[in-house]
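**Q** Have a peek at protein-v1.cif (mmCIF, C-alpha atoms and all ligand atoms).
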data_start
#
loop_
_atom_site.label_atom_id
_atom_site.label_comp_id
_atom_site.auth_asym_id
_atom_site.auth_seq_id
_atom_site.Cartn_x
_atom_site.Cartn_y
_atom_site.Cartn_z
CA MET V 48 0.00 0.00 0.00
CA ASP V 49 1.08 3.57 -0.59
CA PRO V 50 2.97 4.53 2.63
CA ASP V 51 1.20 7.90 2.99
CA LEU V 52 -2.16 6.22 2.48
CA GLN V 53 -1.21 3.56 5.03
CA SER V 54 -0.14 6.08 7.65
CA SER V 55 -3.43 7.95 7.20
CA ILE V 56 -5.46 4.89 8.23
CA LEU V 57 -6.12 4.62 11.96
CA PRO V 58 -3.62 2.15 13.49
CA HIS V 59 -6.34 0.06 15.15
CA ILE V 60 -8.10 -0.31 11.80
CA LEU V 61 -4.87 -1.45 10.15
CA ALA V 62 -4.50 -4.06 12.90
CA HIS V 63 -8.19 -5.05 12.71
CA GLU V 64 -9.07 -8.38 11.12
CA GLY V 65 -12.22 -8.65 9.01
CA TYR V 66 -15.12 -10.74 10.31
CA VAL V 67 -15.35 -14.20 8.77
CA PRO V 68 -19.00 -15.23 8.41
CA GLY V 69 -20.15 -18.83 7.89
CA GLU V 70 -19.77 -20.07 4.33
CA GLN V 71 -22.49 -18.87 1.96
CA PRO V 72 -22.19 -21.08 -1.13
CA ASP V 73 -24.52 -20.80 -4.08
CA ILE V 74 -27.19 -23.02 -2.51
CA THR V 75 -27.97 -25.08 -5.60
CA GLY V 76 -27.39 -28.67 -4.66
CA TRP V 77 -26.32 -27.92 -1.09
CA ILE V 78 -28.09 -28.74 2.15
CA LYS V 79 -27.20 -25.62 4.08
CA LEU V 80 -27.26 -26.19 7.83
CA ASN V 81 -24.38 -23.89 8.81
CA THR V 82 -25.75 -20.38 9.50
CA ASN V 83 -29.09 -21.05 11.20
CA GLU V 84 -31.32 -19.81 8.42
CA ASN V 85 -34.91 -20.98 8.35
CA PRO V 86 -35.52 -23.89 5.95
CA TYR V 87 -39.05 -22.69 5.20
CA SER V 88 -40.02 -19.77 2.98
CA PRO V 89 -40.96 -16.45 4.54
CA SER V 90 -44.62 -15.45 4.80
CA PRO V 91 -46.32 -15.59 1.36
CA ARG V 92 -47.72 -12.11 2.05
CA ILE V 93 -44.28 -10.60 1.56
CA SER V 94 -43.98 -10.78 -2.22
CA ASP V 95 -47.08 -8.65 -2.88
CA VAL V 96 -46.12 -6.15 -0.22
CA ILE V 97 -42.61 -5.77 -1.60
CA ALA V 98 -43.91 -5.51 -5.18
CA SER V 99 -46.23 -2.69 -4.09
CA GLN V 100 -43.22 -0.72 -2.84
CA VAL V 101 -41.29 -0.73 -6.10
CA ASP V 102 -42.55 2.62 -7.36
CA GLY V 103 -41.84 4.06 -3.93
CA LEU V 104 -38.15 3.23 -4.37
CA ARG V 105 -37.78 6.69 -5.96
CA LEU V 106 -38.21 8.03 -2.45
CA TYR V 107 -36.17 7.57 0.71
CA ALA V 108 -37.51 5.12 3.24
CA SER V 109 -39.00 6.24 6.53
CA PRO V 110 -35.86 7.12 8.52
CA ASP V 111 -37.22 5.77 11.80
CA GLY V 112 -39.43 2.97 10.43
CA ARG V 113 -42.35 4.02 12.60
CA SER V 114 -44.89 1.66 11.05
CA LEU V 115 -42.68 -1.44 11.46
CA ARG V 116 -41.72 -0.34 14.97
CA GLU V 117 -45.41 -0.16 15.85
CA ALA V 118 -45.97 -3.70 14.55
CA ILE V 119 -42.96 -4.96 16.55
CA ALA V 120 -44.24 -3.15 19.65
CA VAL V 121 -47.57 -4.99 19.28
CA LYS V 122 -45.75 -8.33 19.08
CA HIS V 123 -43.95 -7.63 22.36
CA GLY V 124 -46.64 -5.64 24.19
CA ILE V 125 -44.38 -2.59 24.59
CA SER V 126 -44.26 0.97 23.24
CA PRO V 127 -42.83 1.81 19.78
CA ASP V 128 -40.53 4.24 21.59
CA GLN V 129 -38.77 1.20 23.02
CA VAL V 130 -37.93 -0.15 19.55
CA ILE V 131 -35.10 0.74 17.15
CA LEU V 132 -34.59 -0.92 13.74
CA GLY V 133 -31.37 -2.13 12.23
CA ASN V 134 -29.93 -3.59 9.05
CA GLY V 135 -30.00 -6.99 10.71
CA SER V 136 -29.36 -7.29 14.43
CA ASP V 137 -25.63 -7.06 13.68
CA ASP V 138 -26.28 -3.41 12.82
CA ILE V 139 -27.91 -2.86 16.23
CA LEU V 140 -24.95 -4.52 17.96
CA ASN V 141 -22.68 -2.20 16.01
CA VAL V 142 -24.71 0.86 17.03
CA LEU V 143 -24.37 -0.25 20.67
CA ALA V 144 -20.62 -0.66 20.28
CA ARG V 145 -20.36 2.82 18.73
CA ALA V 146 -22.30 4.31 21.63
CA PHE V 147 -20.78 2.39 24.53
CA CYS V 148 -17.18 1.54 23.80
CA GLY V 149 -13.90 3.09 22.79
CA PRO V 150 -10.22 2.99 23.70
CA ASP V 151 -10.90 3.61 27.40
CA ARG V 152 -14.26 1.77 27.63
CA GLY V 153 -14.31 -1.92 26.98
CA ILE V 154 -16.94 -4.55 26.33
CA GLY V 155 -17.56 -7.64 28.42
CA ILE V 156 -18.28 -11.01 26.84
CA ILE V 157 -18.35 -14.63 27.81
CA VAL V 158 -16.71 -17.08 25.43
CA PRO V 159 -17.11 -19.09 23.34
CA SER V 160 -19.93 -17.03 21.88
CA TYR V 161 -20.94 -15.03 18.83
CA SER V 162 -17.64 -13.85 17.38
CA LEU V 163 -19.03 -10.54 16.15
CA TYR V 164 -18.86 -8.95 19.63
CA PRO V 165 -15.02 -8.76 19.86
CA PHE V 166 -14.92 -7.75 16.20
CA LEU V 167 -17.11 -4.72 16.97
CA ALA V 168 -14.93 -3.83 19.96
CA SER V 169 -11.86 -4.01 17.75
CA LEU V 170 -13.44 -1.51 15.31
CA GLN V 171 -13.82 0.92 18.23
CA ALA V 172 -10.25 0.23 19.49
CA ALA V 173 -11.95 -0.94 22.69
CA PRO V 174 -10.56 -3.54 25.08
CA VAL V 175 -12.46 -6.79 25.60
CA GLN V 176 -12.97 -8.34 29.04
CA THR V 177 -13.43 -12.03 28.48
CA ILE V 178 -14.98 -14.53 30.86
CA GLU V 179 -14.47 -18.18 29.96
CA PHE V 180 -17.41 -20.58 30.06
CA GLU V 181 -16.95 -23.99 31.63
CA ARG V 182 -18.10 -27.10 29.78
CA GLY V 183 -21.66 -27.00 31.15
CA PHE V 184 -22.09 -23.46 29.72
CA ASN V 185 -23.67 -22.38 33.01
CA LEU V 186 -23.81 -18.63 33.49
CA PRO V 187 -21.20 -17.38 36.03
CA VAL V 188 -23.45 -14.61 37.32
CA ASP V 189 -20.99 -13.32 39.95
CA ARG V 190 -18.18 -12.98 37.43
CA ILE V 191 -20.42 -11.06 35.04
CA CYS V 192 -21.48 -8.76 37.89
CA SER V 193 -17.88 -7.96 38.73
CA CYS V 194 -16.99 -7.11 35.13
CA ASP V 195 -16.24 -3.38 34.96
CA SER V 196 -16.97 -2.78 31.26
CA GLY V 197 -19.70 -0.32 30.31
CA ILE V 198 -21.53 -2.95 28.26
CA PHE V 199 -21.84 -6.73 28.40
CA PHE V 200 -23.06 -8.90 25.51
CA LEU V 201 -24.69 -12.27 26.16
CA ALA V 202 -26.52 -14.40 23.60
CA SER V 203 -29.59 -16.16 25.02
CA PRO V 204 -30.43 -18.68 23.69
CA HIS V 205 -26.70 -19.01 23.53
CA ALA V 206 -24.73 -19.59 20.35
CA PRO V 207 -23.28 -22.07 19.60
CA THR V 208 -24.89 -24.29 22.26
CA GLY V 209 -28.57 -23.27 22.07
CA THR V 210 -28.68 -23.02 25.90
CA GLY V 211 -31.38 -20.66 27.19
CA TYR V 212 -30.74 -18.64 30.35
CA SER V 213 -33.43 -17.67 32.84
CA ASN V 214 -34.84 -14.26 33.67
CA GLU V 215 -33.97 -15.00 37.29
CA MET V 216 -30.29 -15.03 36.32
CA PHE V 217 -30.75 -11.83 34.34
CA ARG V 218 -32.33 -10.17 37.38
CA GLN V 219 -29.27 -11.08 39.43
CA ILE V 220 -26.93 -9.76 36.74
CA LEU V 221 -28.91 -6.54 36.37
CA ALA V 222 -28.80 -6.03 40.13
CA GLY V 223 -25.01 -6.41 40.19
CA PHE V 224 -23.56 -5.32 36.84
CA PRO V 225 -23.58 -1.52 36.58
CA GLY V 226 -23.35 -1.14 32.78
CA LEU V 227 -25.72 -1.92 29.90
CA PHE V 228 -26.56 -5.62 29.83
CA VAL V 229 -27.35 -6.71 26.27
CA VAL V 230 -29.22 -9.96 25.75
CA ASP V 231 -28.83 -10.99 22.14
CA GLU V 232 -32.10 -12.83 21.49
CA ALA V 233 -31.49 -13.70 17.84
CA TYR V 234 -32.96 -17.15 18.58
CA ALA V 235 -35.53 -16.27 21.24
CA ASP V 236 -38.53 -17.08 19.03
CA PHE V 237 -37.43 -20.72 19.31
CA ALA V 238 -37.17 -20.57 23.12
CA GLU V 239 -39.60 -21.09 25.98
CA THR V 240 -38.85 -17.72 27.61
CA ASN V 241 -37.31 -14.38 26.78
CA ALA V 242 -36.27 -11.26 28.66
CA VAL V 243 -38.83 -8.81 27.25
CA GLU V 244 -40.88 -8.64 30.47
CA LEU V 245 -37.78 -7.38 32.32
CA LEU V 246 -37.58 -4.24 30.16
CA ALA V 247 -40.29 -2.56 32.26
CA GLU V 248 -38.14 -2.98 35.37
CA PHE V 249 -34.56 -2.50 34.17
CA PRO V 250 -33.52 0.51 32.05
CA ARG V 251 -30.02 -1.00 31.80
CA LEU V 252 -31.35 -4.03 29.93
CA PHE V 253 -31.21 -4.03 26.14
CA ILE V 254 -32.47 -6.84 23.88
CA THR V 255 -31.56 -7.47 20.25
CA ARG V 256 -33.78 -9.47 17.89
CA THR V 257 -33.70 -10.43 14.23
CA PHE V 258 -36.00 -11.30 11.34
CA SER V 259 -33.21 -13.49 9.91
CA LYS V 260 -34.05 -16.72 11.72
CA SER V 261 -37.64 -17.24 12.91
CA TYR V 262 -39.10 -15.06 10.11
CA ALA V 263 -36.92 -16.62 7.40
CA LEU V 264 -35.70 -13.22 6.20
CA ALA V 265 -31.91 -13.42 6.53
CA GLY V 266 -31.52 -11.97 3.05
CA LEU V 267 -33.69 -8.93 3.77
CA ARG V 268 -31.47 -7.69 6.64
CA VAL V 269 -33.84 -6.52 9.34
CA GLY V 270 -33.18 -6.66 13.07
CA TYR V 271 -34.19 -4.53 16.00
CA GLY V 272 -33.31 -3.51 19.51
CA LEU V 273 -35.59 -3.13 22.52
CA GLY V 274 -34.66 -0.87 25.39
CA SER V 275 -35.64 2.09 27.51
CA PRO V 276 -37.09 5.05 25.54
CA ASP V 277 -34.22 7.24 26.81
CA LEU V 278 -31.57 4.93 25.45
CA ILE V 279 -33.47 4.30 22.20
CA ARG V 280 -33.55 8.09 21.64
CA VAL V 281 -29.76 8.26 22.01
CA LEU V 282 -29.22 5.29 19.69
CA HIS V 283 -31.40 6.86 16.96
CA GLY V 284 -28.76 9.56 16.81
CA VAL V 285 -25.97 7.00 16.45
CA ARG V 286 -27.35 4.69 13.75
CA ASP V 287 -27.07 5.37 10.03
CA VAL V 288 -29.97 7.56 8.99
CA TYR V 289 -31.58 5.23 6.43
CA ASN V 290 -30.34 1.97 7.89
CA VAL V 291 -33.37 -0.12 6.88
CA ASP V 292 -34.53 0.26 3.31
CA ARG V 293 -38.09 0.59 2.07
CA LEU V 294 -38.45 -3.01 0.85
CA ALA V 295 -37.02 -4.36 4.09
CA GLN V 296 -39.37 -2.30 6.26
CA ALA V 297 -42.43 -3.36 4.26
CA GLY V 298 -41.40 -7.03 4.05
CA ALA V 299 -40.60 -7.32 7.75
CA GLN V 300 -43.89 -5.69 8.67
CA ALA V 301 -45.86 -8.15 6.53
CA ALA V 302 -43.96 -11.00 8.21
CA VAL V 303 -44.51 -9.85 11.78
CA GLU V 304 -48.22 -9.30 11.11
CA ASP V 305 -48.67 -12.79 9.63
CA VAL V 306 -48.82 -14.40 13.07
CA ASP V 307 -50.47 -17.66 11.94
CA TYR V 308 -47.81 -18.35 9.34
CA PHE V 309 -45.04 -17.55 11.84
CA GLU V 310 -46.52 -19.91 14.43
CA ALA V 311 -46.94 -22.74 11.91
CA SER V 312 -43.36 -22.34 10.70
CA ARG V 313 -42.02 -22.31 14.27
CA ARG V 314 -43.98 -25.42 15.17
CA LYS V 315 -42.37 -27.33 12.28
CA VAL V 316 -38.90 -26.32 13.51
CA PHE V 317 -39.75 -27.39 17.09
CA ALA V 318 -40.97 -30.80 15.93
CA THR V 319 -37.89 -31.43 13.78
CA ARG V 320 -35.55 -30.19 16.52
CA SER V 321 -37.02 -32.56 19.04
CA ARG V 322 -36.88 -35.51 16.62
CA PHE V 323 -33.29 -34.78 15.58
CA PHE V 324 -32.21 -34.29 19.21
CA GLY V 325 -33.68 -37.72 20.01
CA GLU V 326 -31.82 -39.29 17.08
CA LEU V 327 -28.52 -37.81 18.25
CA GLU V 328 -29.17 -39.13 21.75
CA GLN V 329 -29.85 -42.57 20.28
CA ARG V 330 -26.46 -42.40 18.61
CA GLY V 331 -25.05 -41.70 22.08
CA TRP V 332 -23.73 -38.26 21.04
CA PHE V 333 -23.70 -35.64 23.78
CA THR V 334 -25.91 -32.76 22.58
CA TYR V 335 -26.78 -29.61 24.51
CA PRO V 336 -30.56 -29.23 25.02
CA SER V 337 -31.44 -26.50 22.54
CA GLN V 338 -33.79 -23.52 22.78
CA ALA V 339 -32.72 -22.39 19.31
CA ASN V 340 -33.08 -23.55 15.70
CA PHE V 341 -29.81 -25.49 15.85
CA VAL V 342 -28.15 -28.13 18.00
CA PHE V 343 -24.57 -28.42 19.16
CA THR V 344 -23.48 -32.03 19.21
CA GLU V 345 -20.31 -34.02 19.88
CA PRO V 346 -19.87 -36.69 17.18
CA VAL V 347 -18.63 -40.15 18.13
CA ASP V 348 -17.13 -42.47 15.52
CA SER V 349 -17.72 -46.22 15.17
CA THR V 350 -14.78 -47.00 17.48
CA GLY V 351 -16.27 -44.81 20.23
CA ARG V 352 -13.75 -42.01 19.69
CA LYS V 353 -14.69 -38.34 19.96
CA GLY V 354 -12.64 -35.16 19.88
CA PRO V 355 -11.42 -32.52 17.43
CA ASP V 356 -10.24 -35.04 14.79
CA VAL V 357 -13.59 -36.81 14.85
CA ALA V 358 -15.61 -33.58 14.57
CA ALA V 359 -13.34 -32.33 11.76
CA SER V 360 -13.63 -35.66 9.97
CA LEU V 361 -17.45 -35.60 10.02
CA PHE V 362 -17.51 -31.93 9.01
CA GLN V 363 -15.33 -32.68 5.97
CA TYR V 364 -17.27 -35.83 5.10
CA LEU V 365 -20.57 -33.95 5.14
CA LYS V 366 -19.11 -31.11 3.11
CA ALA V 367 -17.99 -33.59 0.46
CA GLN V 368 -21.65 -34.74 0.34
CA LYS V 369 -22.68 -31.07 -0.09
CA ILE V 370 -24.09 -30.87 3.43
CA LEU V 371 -22.77 -27.80 5.19
CA VAL V 372 -22.76 -27.65 9.01
CA ARG V 373 -20.63 -25.38 11.22
CA TYR V 374 -17.34 -26.34 12.85
CA PHE V 375 -15.59 -24.02 15.33
CA PRO V 376 -12.10 -25.49 15.75
CA ASN V 377 -10.66 -22.53 17.65
CA HIS V 378 -11.82 -23.13 21.22
CA PRO V 379 -11.43 -26.16 23.51
CA LEU V 380 -15.17 -26.10 24.31
CA THR V 381 -16.18 -26.14 20.65
CA GLU V 382 -13.45 -28.07 18.82
CA SER V 383 -15.05 -31.49 19.38
CA PHE V 384 -18.55 -30.37 18.40
CA LEU V 385 -20.52 -29.50 15.29
CA ARG V 386 -23.37 -27.00 15.17
CA VAL V 387 -26.23 -28.15 12.98
CA THR V 388 -29.09 -25.90 11.93
CA ILE V 389 -32.52 -27.52 12.04
CA GLY V 390 -33.60 -27.96 8.42
CA THR V 391 -36.68 -29.63 6.95
CA ASP V 392 -37.45 -33.22 7.92
CA SER V 393 -36.23 -34.38 4.55
CA GLN V 394 -32.93 -32.46 4.91
CA MET V 395 -32.41 -33.98 8.35
CA GLU V 396 -33.10 -37.47 6.94
CA THR V 397 -30.44 -36.91 4.28
CA LEU V 398 -28.06 -35.69 6.98
CA ASN V 399 -28.81 -38.75 9.12
CA ARG V 400 -28.09 -41.06 6.19
CA ALA V 401 -24.78 -39.27 5.54
CA ILE V 402 -23.86 -39.62 9.24
CA ASP V 403 -24.65 -43.35 9.05
CA GLN V 404 -22.36 -43.69 6.02
CA TRP V 405 -19.58 -41.75 7.77
CA THR V 406 -19.96 -43.96 10.84
CA ALA V 407 -19.76 -47.08 8.68
CA ASN V 408 -16.63 -45.81 6.90
CA VAL V 409 -14.48 -44.61 9.82
C1 LIG F 501 -26.15 -14.83 18.32
C2 LIG F 501 -26.40 -14.08 17.05
N1 LIG F 501 -26.69 -12.78 17.13
C3 LIG F 501 -26.92 -12.04 16.03
C4 LIG F 501 -26.87 -12.61 14.77
C5 LIG F 501 -27.05 -11.71 13.59
O1 LIG F 501 -28.20 -11.83 12.93
P1 LIG F 501 -28.66 -10.77 11.84
O2 LIG F 501 -27.59 -9.71 11.69
O3 LIG F 501 -28.87 -11.57 10.61
O4 LIG F 501 -29.90 -10.18 12.38
C6 LIG F 501 -26.58 -13.97 14.63
C7 LIG F 501 -26.50 -14.57 13.30
O5 LIG F 501 -26.16 -15.68 13.08
C8 LIG F 501 -26.33 -14.72 15.81
O6 LIG F 501 -26.03 -16.02 15.73
#
Could you take the file, read its structure, and then write that structure out as structure tokens?

**A**
Amino acid sequence: MDPDLQSSILPHILAHEGYVPGEQPDITGWIKLNTNENPYSPSPRISDVIASQVDGLRLYASPDGRSLREAIAVKHGISPDQVILGNGSDDILNVLARAFCGPDRGIGIIVPSYSLYPFLASLQAAPVQTIEFERGFNLPVDRICSCDSGIFFLASPHAPTGTGYSNEMFRQILAGFPGLFVVDEAYADFAETNAVELLAEFPRLFITRTFSKSYALAGLRVGYGLGSPDLIRVLHGVRDVYNVDRLAQAGAQAAVEDVDYFEASRRKVFATRSRFFGELEQRGWFTYPSQANFVFTEPVDSTGRKGPDVAASLFQYLKAQKILVRYFPNHPLTESFLRVTIGTDSQMETLNRAIDQWTANV
């Protein structure tokens, strides 16, 4: 690079490493179970609604997405002033990082977890306080409370395990941790509980949600944050002005209003998740109970071996069969496991057959 150009770039940006998302192959011929997308189509109402917006593309979108925020507020029984929209929930997480961290204000995280959080801290040149999970992935409430960062990110249901954490634990954290406690609920529509009811009590609680998973709209890029009206007002000033485009606002609104379709789609995922979980248990593979649309499982080969080599071997075998799951080799708590998105029943049957073949061959 030109030396003058290089020296003009902020040093922490030069040192920053780009985020590596899960593989996104051209899906023809692949069974894609690696990035927790929904295997079912989004609500059929969306195509007409989006088509009706095409002429409107001449005009800017609503900068604050009022109409969609109202629909989201109805879903959660809260006020639209407690809702902010984002270009996916990643955008909301980024807005939080912009507002809460910098070189002298770090973030707190517990690992292994969603790898975007440290990436966002790195963009702000902010330090990261890391708490390590133990194998059970139980929440070390006391250690979170004693973290002195201004913001703490926790995914619940957790990724990559699918473990859901209770509101009782969140109450304890909110009583002890003095900063903003962010519960990333990307998968909460697949869980038994969520933290929304705590918003009324705790202004230092913030929740992020997405249309990417339960609404099958990963390609539309719509997420949102829920928090106190005071904080939401501040964050509106931090986000990009037109961060959710006109088609995305209209499509997401049609999806959130089609409650029957959403419920039917969720029920199919629940049924397949429970069946697949049972099949993994029958194989004798340790699998974390999941409150999400994926499971995290520890493969065992025909000789009874498990471990990083076994997980890597199955990952590669499945990939050669054009079945993509997710392997996280970089942490001792994840290196022996694979994360598998819940697909359709037929996709899971194909996966099961491929696992049988792998077991027979190794
Ligand atoms: C825990 C978690 N949070 C947030 C996201 C981001 O979702 P999106 O930006 O598509 O809304 C993901 C995506 O995989 C995730 O796993």

**Q** Residues within 10 Å of ligand LIG 501 (chain F) (all atoms listed in the file), as an NGL selection string?

**A** :V and (68-69 or 81-84 or 133-141 or 160-164 or 200-207 or 209 or 230-235 or 255-260 or 264-271 or 339)

**Q** Counting only C-alpha atoms, which of V:Phe249, V:Phe323, V:Phe309, V:Phe343 gets nearest to Lys122 (chain V)?

**A**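 Checking each of V:Phe249, V:Phe323, V:Phe309, V:Phe343 against Lys122 (chain V), counting only C-alpha atoms, the winner is V:Phe309.
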
**Q** Which one is closest to Arg373 (chain V): V:Ile402, V:Val342, V:Val288, V:Val243? Count all atoms listed in the file.

**A**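 Of the candidates, the smallest distance to Arg373 (chain V) is held by V:Val342.
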
**Q** List the spatial neighbours of Asp128 (chain V) as a ChimeraX atom specification - criterion: any atom at most 10 Å away, all atoms listed in the file, same-chain residues fewer than 5 positions off excluded.

**A** /V:113,116-117,120,273-280

**Q** Which of these residues is nearest to Arg322 (chain V), using only C-alpha atoms: V:Ala172, V:Thr391, V:Ser383, V:Val158?

**A** V:Thr391

**Q** So, counting only C-alpha atoms, which residue among V:Ala242, V:Val121, V:Ala302, V:Val229 is closest to Ser261 (chain V)?

**A**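 Answer, going by the shortest atom-to-atom distance: V:Ala302.
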
**Q** Looking at all atoms listed in the file, which of V:Val188, V:Ile131, V:Leu170, V:Leu80 is the one that sits closest to Gly65 (chain V)?

**A**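 Looking at the shortest contact to Gly65 (chain V), the residue is V:Leu170.
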
**Q** May I have the residues within 12 Å of Leu57 (chain V) as a list of chain:residue names, using only C-alpha atoms and disregarding those fewer than 3 positions away in the same chain?

**A**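 Near neighbours after the sequence-gap exclusion: V:Leu52, V:Gln53, V:Ser54, V:Ile60, V:Leu61, V:Ala62, V:His63, V:Ser169, V:Leu170, V:Gln171, V:Ala172.
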
**Q** Find the distance between CA of Asp348 (chain V) and CA of Trp405 (chain V) and write it in Å to one decimal.

**A** 8.2 Å

**Q** Could you tell me which of V:Leu104, V:Leu167, V:Leu132, V:Ala222 comes closest to Cys148 (chain V) if we count only C-alpha atoms?

**A**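 Among V:Leu104, V:Leu167, V:Leu132, V:Ala222, it is V:Leu167 that comes nearest to Cys148 (chain V).
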
**Q** Report as number ranges by chain all protein, DNA and RNA residues lying within 10 Å of Pro379 (chain V), evaluated on all atoms listed in the file, omitting residues in the same chain fewer than 5 positions from it.

**A** V: 159, 182, 354-355, 384

**Q** Edge lengths and centre in Å to one decimal, as JSON, of the axis-aligned box that encloses all listed atoms of region 62-73 of chain V with 8 Å added on every side?

**A**
{"center_x": -14.5, "center_y": -12.6, "center_z": 4.4, "size_x": 36.0, "size_y": 33.0, "size_z": 33.0}

**Q** Is it possible to dump region 342-358 of chain V as a compact mmCIF listing (two decimals), in the first residue's frame, including just N, CA and C atoms?

**A**
# COMPACT_ATOMS: atom_id res chain seq x y z
N VAL V 342 -28.65 -27.35 16.85
CA VAL V 342 -28.15 -28.13 18.00
C VAL V 342 -26.63 -28.20 17.91
N PHE V 343 -26.02 -28.37 19.07
CA PHE V 343 -24.57 -28.42 19.16
C PHE V 343 -24.24 -29.81 19.71
N THR V 344 -23.60 -30.61 18.88
CA THR V 344 -23.48 -32.03 19.21
C THR V 344 -22.04 -32.51 19.06
N GLU V 345 -21.69 -33.52 19.85
CA GLU V 345 -20.31 -34.02 19.88
C GLU V 345 -20.28 -35.38 19.18
N PRO V 346 -19.84 -35.42 17.93
CA PRO V 346 -19.87 -36.69 17.18
C PRO V 346 -18.96 -37.75 17.79
N VAL V 347 -19.42 -39.00 17.66
CA VAL V 347 -18.63 -40.15 18.13
C VAL V 347 -18.48 -41.09 16.93
N ASP V 348 -17.28 -41.58 16.68
CA ASP V 348 -17.13 -42.47 15.52
C ASP V 348 -17.41 -43.93 15.91
N SER V 349 -17.29 -44.83 14.94
CA SER V 349 -17.72 -46.22 15.17
C SER V 349 -16.84 -46.92 16.21
N THR V 350 -15.64 -46.36 16.47
CA THR V 350 -14.78 -47.00 17.48
C THR V 350 -15.00 -46.37 18.85
N GLY V 351 -15.97 -45.45 18.94
CA GLY V 351 -16.27 -44.81 20.23
C GLY V 351 -15.42 -43.57 20.49
N ARG V 352 -14.61 -43.18 19.48
CA ARG V 352 -13.75 -42.01 19.69
C ARG V 352 -14.53 -40.72 19.46
N LYS V 353 -14.19 -39.69 20.23
CA LYS V 353 -14.69 -38.34 19.96
C LYS V 353 -13.53 -37.38 20.13
N GLY V 354 -13.74 -36.13 19.76
CA GLY V 354 -12.64 -35.16 19.88
C GLY V 354 -12.52 -34.35 18.61
N PRO V 355 -11.54 -33.42 18.57
CA PRO V 355 -11.42 -32.52 17.43
C PRO V 355 -11.25 -33.24 16.09
N ASP V 356 -10.45 -34.35 16.07
CA ASP V 356 -10.24 -35.04 14.79
C ASP V 356 -11.53 -35.65 14.28
N VAL V 357 -12.33 -36.16 15.23
CA VAL V 357 -13.59 -36.81 14.85
C VAL V 357 -14.57 -35.77 14.32
N ALA V 358 -14.69 -34.63 15.03
CA ALA V 358 -15.61 -33.58 14.57
C ALA V 358 -15.16 -33.06 13.21
